[in-house]
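First up is the structure itself, then whatever we jot down about it.
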Amino acid sequence: MILNTLTPRTTLALALAATLAFLSSPQLHAQATQPPRQPQSAPTTHPIVLHAARLLDVESGRITAPGEILIQGDAIKEVGTTVTRPAGAEIIDLGDTTLLPGLIDAHVHLFLHPGAEDLQTVQESVPQRTITATIAARDDLLAGFTAERDMGTEGAGSADTAVRDAINRGQIPGPRLRISGNAINILGGHEDAIGYNPEQHVLPNATYANNAAELVTVIREQLKEGADFTKIYETGADSIANGNFSTPYQYTEEELIAAVREAARTGNRVAVHATGEPGTLYAARAGVESVDHAYQLSDETMRIMREKQIFAVPTFTISEYFAEHAATPAAAAARERALIDLHISEFKKQLAAGVPIAMGSDVGPFPHGTQAREFVLLVKYGMTPLAAIQAGTLNGAKLLGWQDQIGALKPGHQADIVAVPGNPLEDITALQKVSFVMKAGVVYRK
């Protein structure tokens with residue numbers, strides 16, 4: 001998460017009102033046409049055939065027109081211009097839309113909402129924040145994001161374990177989740193509670209670990225509590241002056257190697273919040289799975305990331321949001337704009353160097369369900385529409401470790417499918433207008 005500079009604008013009363021609205025909503029599990037379609041928590045027993053004007057093969061970039069998909073249970077059985085239509089199959093005609101795999105956001109914060117992050121994590125209870133997370137998960141799913149990586153609960157501990165497990169059991173709607181629990185940070189680091197009365201002992205938004213031994217202990221505790229991977233804050237706070245960017249590292253290369261080794265011992269991986277050198281180089285050498293934010297990478301860091309296939313996750317949308325919603329426009333907004341300009345320039349270098357990119361938005365500080373804006377910005381700043389879509393499907397699936405299950409429309413993959421109006425290769429903003437959502441053979445939006 002990038003630290004924000006917003007003023008508080010979400011009160012407890014508003015949060016409780018949102019909770020009551022959520023619990024009383026007739027569309028708790030899906031946004032649907034009238035009368036509301038109540039999706040089942042498990043796939044139907046009968047086959048489903050989806051028909052649309054187009055179907056995008058995200059691996060080749062080829063458009064099939066028309067496009068059809070046969071779904072049996074939770075899996076894709078056939079894909080093509082026409083598919084088998086078994087007896088009793090439900091035919092869903094999606095009209096002038098394009099079928100493509102469910103979208104994947106590799107950097108989200110389900111436990112955050114717009115407003116002052118530091119205050120909400122202190123003022124709102126973990127139960128209240130968990131309810132907020134369930135609403136966020138629903139909103140993201142209905143926007144077409146069928147899989148996500150939650151990059152830290154920001155002070156809610158391992159509460160994301162309960163959200164992930166409830167989604168997996170079909171108790172609440174939401175994306176498939178990879179979760180990290182609380183992120184890890186040093187004393188006085190990027191996510192520490194700085195600026196508060198020290199006598200009040202305000203807790204940080206991440207778990208302290210100040211050396212290799214403490215990193216190992218925290219990683220073991222978080223995996224015990226259900227984490228799928230480990231998130232470490234490696235750099236911050238960031239500063240930029242006269243076009244020169246700097247950010248202190250938090251862990252040495254040796255400490256990061258110890259963390260990666262410990263996670264790997266149980267088949268898990270480490271992701272880092274890292275915006276610049278030398279922290280990004282330490283992380284790449286240690287063998288992390290992703291460098292999130294990645295404002296500035298040295299030539300050596302980019303070379304290692306390309307060779308090791310370590311993903312950069314740019315998160316342009318959060319920077320844009322903070323620039324447009326700064327508490328002090330004359331200062332904070334100018335700083336955010338300077339960081340964006342730097343990042344855009346560096347992003348073009350990363351693309352030219354062949355650094356693999358995964359789509360991640362850092363949604364949470366800005367409204368959940370709106371993060372397809374990230375695709376638009378990826379294209380605006382140098383990617384082709386197909387490459388941006390691949391970043392949020394194929395590459396996201398690889399980063400989450402699910403490349404054999406999701407991220408493409410092919411027989412045997414899970415039936416995570418969305419439809420958008422028109423052709424997203426011609427207009428990437430179509431991804432902001434998802435009209436149909438299926439996850440694991442269950443229709444959540446139609």
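By order in the structure tokens, chains are A, B, ...; within a chain, residues start at 1; ligands start at 1, following the order shown.
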
Do you know which residues are at most 8 Å from Val379 of chain A counting only C-alpha atoms, after dropping those on the same chain fewer than 6 positions away, and could you put them as a PDB file with C-alpha atoms, in the first residue's frame?
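After the write, around08.pdb holds the following:
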ATOM      1  CA  PRO A 385      -4.239  -3.346 -25.078  1.00  0.00           C
ATOM      2  CA  ALA A 388      -2.371  -4.959 -20.579  1.00  0.00           C
ATOM      3  CA  ILE A 428      -9.488  -0.883 -23.420  1.00  0.00           C
TER       4      ILE A 428
END

Sorted by chain and rising residue number, which residues of segment 144-254 of chain A lie within 8 Å of segment 282-295 of chain A, and what are their closest atom pairs and distances in Å to one decimal, counting only C-alpha atoms, as CSV?
residue,atom,partner,partner_atom,distance
A:Glu234,CA,A:Ala283,CA,7.8
A:Thr252,CA,A:Tyr282,CA,6.7
A:Glu253,CA,A:Tyr282,CA,4.5
A:Glu254,CA,A:Ala286,CA,7.7

Pull the closest atom pair for each residue of segment 341-372 of chain A that gets at most 12 Å from segment 149-159 of chain A, along with the distance in Å to one decimal, counting only C-alpha atoms, ordering rows by chain and then ascending residue number, as a Markdown table.
| residue | atom | partner | partner_atom | distance |
| --- | --- | --- | --- | --- |
| A:Ala358 | CA | A:Arg149 | CA | 11.3 |
| A:Met359 | CA | A:Arg149 | CA | 10.7 |
| A:Gly360 | CA | A:Arg149 | CA | 8.7 |
| A:Ser361 | CA | A:Arg149 | CA | 10.6 |
| A:Asp362 | CA | A:Met151 | CA | 8.3 |
| A:Val363 | CA | A:Asp150 | CA | 9.8 |
| A:Gly364 | CA | A:Asp150 | CA | 10.1 |
| A:Pro365 | CA | A:Glu154 | CA | 11.5 |

Could you give me, as an MDAnalysis selection string, the residues within 10 Å of segment 58-61 of chain A, counting only C-alpha atoms and dropping anything in the same chain fewer than 2 positions from it? chainID A and resid 55:56 63:64 100:101 385:387 389:391 393:394 407:409 425

In Å, with one decimal, what is the gap from atom CA of Glu90 of chain A to atom CA of Arg62 of chain A?
->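 Value for the atom CA of Glu90 of chain A-atom CA of Arg62 of chain A distance: 26.4 Å.
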
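Atom CA of Ala259 of chain A lies 6.1 Å from atom CA of Leu215 of chain A.
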
Quiz prompt | Nearest candidate to Thr230 of chain A (options A:Pro43, A:Gly181, A:Gly189, A:Gly422; using only C-alpha atoms) | solution =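 Among the listed residues, A:Gly181 lies closest to Thr230 of chain A.
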
Show which residues sit within 12 Å of segment 298-302 of chain A, as JSON, numbers by chain. Count only C-alpha atoms, and ignore same-chain residues fewer than 5 positions away.
{"A": [274, 275, 276, 277, 278, 279, 280, 281, 282, 283, 284, 285, 286, 287, 291, 307, 308, 309, 310, 311, 312, 346, 347, 348, 349, 350, 351, 352, 353, 354, 355, 356, 357]}

Please, could you write that set of residues out with N, CA and C atoms as a short mmCIF file (atom, residue, chain, number, x, y, z; two decimals), in the first residue's frame?
data_model
loop_
_atom_site.label_atom_id
_atom_site.label_comp_id
_atom_site.auth_asym_id
_atom_site.auth_seq_id
_atom_site.Cartn_x
_atom_site.Cartn_y
_atom_site.Cartn_z
N ALA A 274 8.16 -2.18 -2.83
CA ALA A 274 9.47 -1.60 -3.07
C ALA A 274 9.38 -0.64 -4.23
N THR A 275 9.74 0.60 -3.97
CA THR A 275 9.58 1.63 -4.99
C THR A 275 10.88 2.00 -5.69
N GLY A 276 12.04 1.75 -5.06
CA GLY A 276 13.28 2.17 -5.69
C GLY A 276 14.51 1.53 -5.10
N GLU A 277 15.64 1.97 -5.59
CA GLU A 277 16.94 1.40 -5.21
C GLU A 277 17.44 1.96 -3.88
N PRO A 278 18.22 1.17 -3.12
CA PRO A 278 18.71 -0.16 -3.47
C PRO A 278 17.78 -1.30 -3.04
N GLY A 279 16.65 -0.95 -2.40
CA GLY A 279 15.76 -1.99 -1.90
C GLY A 279 15.24 -2.91 -2.98
N THR A 280 14.94 -2.35 -4.16
CA THR A 280 14.44 -3.18 -5.25
C THR A 280 15.49 -4.19 -5.72
N LEU A 281 16.75 -3.76 -5.74
CA LEU A 281 17.83 -4.67 -6.13
C LEU A 281 17.99 -5.78 -5.09
N TYR A 282 17.95 -5.43 -3.82
CA TYR A 282 18.05 -6.45 -2.77
C TYR A 282 16.93 -7.49 -2.93
N ALA A 283 15.72 -7.00 -3.21
CA ALA A 283 14.56 -7.90 -3.35
C ALA A 283 14.72 -8.82 -4.56
N ALA A 284 15.16 -8.25 -5.68
CA ALA A 284 15.34 -9.06 -6.89
C ALA A 284 16.41 -10.12 -6.68
N ARG A 285 17.51 -9.74 -6.08
CA ARG A 285 18.57 -10.71 -5.82
C ARG A 285 18.10 -11.81 -4.86
N ALA A 286 17.24 -11.45 -3.90
CA ALA A 286 16.75 -12.43 -2.94
C ALA A 286 15.78 -13.42 -3.57
N GLY A 287 15.15 -13.02 -4.71
CA GLY A 287 14.24 -13.93 -5.40
C GLY A 287 12.80 -13.83 -4.97
N VAL A 291 7.78 -7.28 -7.28
CA VAL A 291 8.18 -5.97 -6.75
C VAL A 291 7.02 -5.04 -7.02
N GLU A 307 15.31 -12.09 -16.00
CA GLU A 307 15.87 -13.44 -16.00
C GLU A 307 15.14 -14.37 -15.02
N LYS A 308 14.78 -13.86 -13.84
CA LYS A 308 14.10 -14.67 -12.83
C LYS A 308 12.58 -14.65 -12.99
N GLN A 309 12.09 -13.84 -13.94
CA GLN A 309 10.65 -13.68 -14.15
C GLN A 309 9.95 -13.21 -12.87
N ILE A 310 10.54 -12.18 -12.29
CA ILE A 310 9.95 -11.50 -11.13
C ILE A 310 9.06 -10.38 -11.66
N PHE A 311 7.82 -10.37 -11.26
CA PHE A 311 6.86 -9.41 -11.79
C PHE A 311 7.01 -8.04 -11.13
N ALA A 312 6.91 -7.01 -11.96
CA ALA A 312 6.68 -5.65 -11.47
C ALA A 312 5.17 -5.43 -11.48
N GLU A 346 10.01 5.69 -16.05
CA GLU A 346 10.69 4.45 -15.66
C GLU A 346 9.94 3.22 -16.16
N PHE A 347 8.61 3.29 -16.21
CA PHE A 347 7.79 2.18 -16.69
C PHE A 347 8.11 1.86 -18.14
N LYS A 348 8.29 2.89 -18.94
CA LYS A 348 8.64 2.68 -20.34
C LYS A 348 9.98 1.94 -20.45
N LYS A 349 10.92 2.26 -19.57
CA LYS A 349 12.21 1.57 -19.56
C LYS A 349 12.02 0.10 -19.16
N GLN A 350 11.14 -0.14 -18.21
CA GLN A 350 10.89 -1.51 -17.76
C GLN A 350 10.29 -2.35 -18.87
N LEU A 351 9.37 -1.76 -19.63
CA LEU A 351 8.78 -2.47 -20.77
C LEU A 351 9.85 -2.78 -21.81
N ALA A 352 10.69 -1.81 -22.10
CA ALA A 352 11.74 -2.01 -23.09
C ALA A 352 12.74 -3.07 -22.64
N ALA A 353 12.95 -3.17 -21.34
CA ALA A 353 13.91 -4.13 -20.80
C ALA A 353 13.32 -5.54 -20.66
N GLY A 354 12.03 -5.69 -20.92
CA GLY A 354 11.41 -7.02 -20.84
C GLY A 354 11.05 -7.47 -19.45
N VAL A 355 10.89 -6.52 -18.52
CA VAL A 355 10.45 -6.87 -17.17
C VAL A 355 9.00 -7.36 -17.24
N PRO A 356 8.68 -8.53 -16.70
CA PRO A 356 7.29 -9.01 -16.74
C PRO A 356 6.40 -8.13 -15.86
N ILE A 357 5.21 -7.85 -16.35
CA ILE A 357 4.28 -6.95 -15.67
C ILE A 357 3.00 -7.70 -15.30
#

Problem - DSSP strand (DSSP E or B) residues within segment 91-333 of chain A, as number ranges by chain - result: A: 91-93, 97-101, 103-108, 145-150, 176-179, 184-185, 207-208, 230-233, 235, 239-241, 244-246, 249, 270-274, 290-293, 311-313

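Minimum atom-to-atom distance to His109 of chain A, evaluated using only C-alpha atoms, belongs to A:Ala133 out of A:Val122, A:Leu177, A:Ala133, A:Ala334.
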
| query | Using only C-alpha atoms, which residues sit within 9 Å of Gln250 of chain A once same-chain residues fewer than 4 positions away are excluded, as a count of residues only? | reply | 10
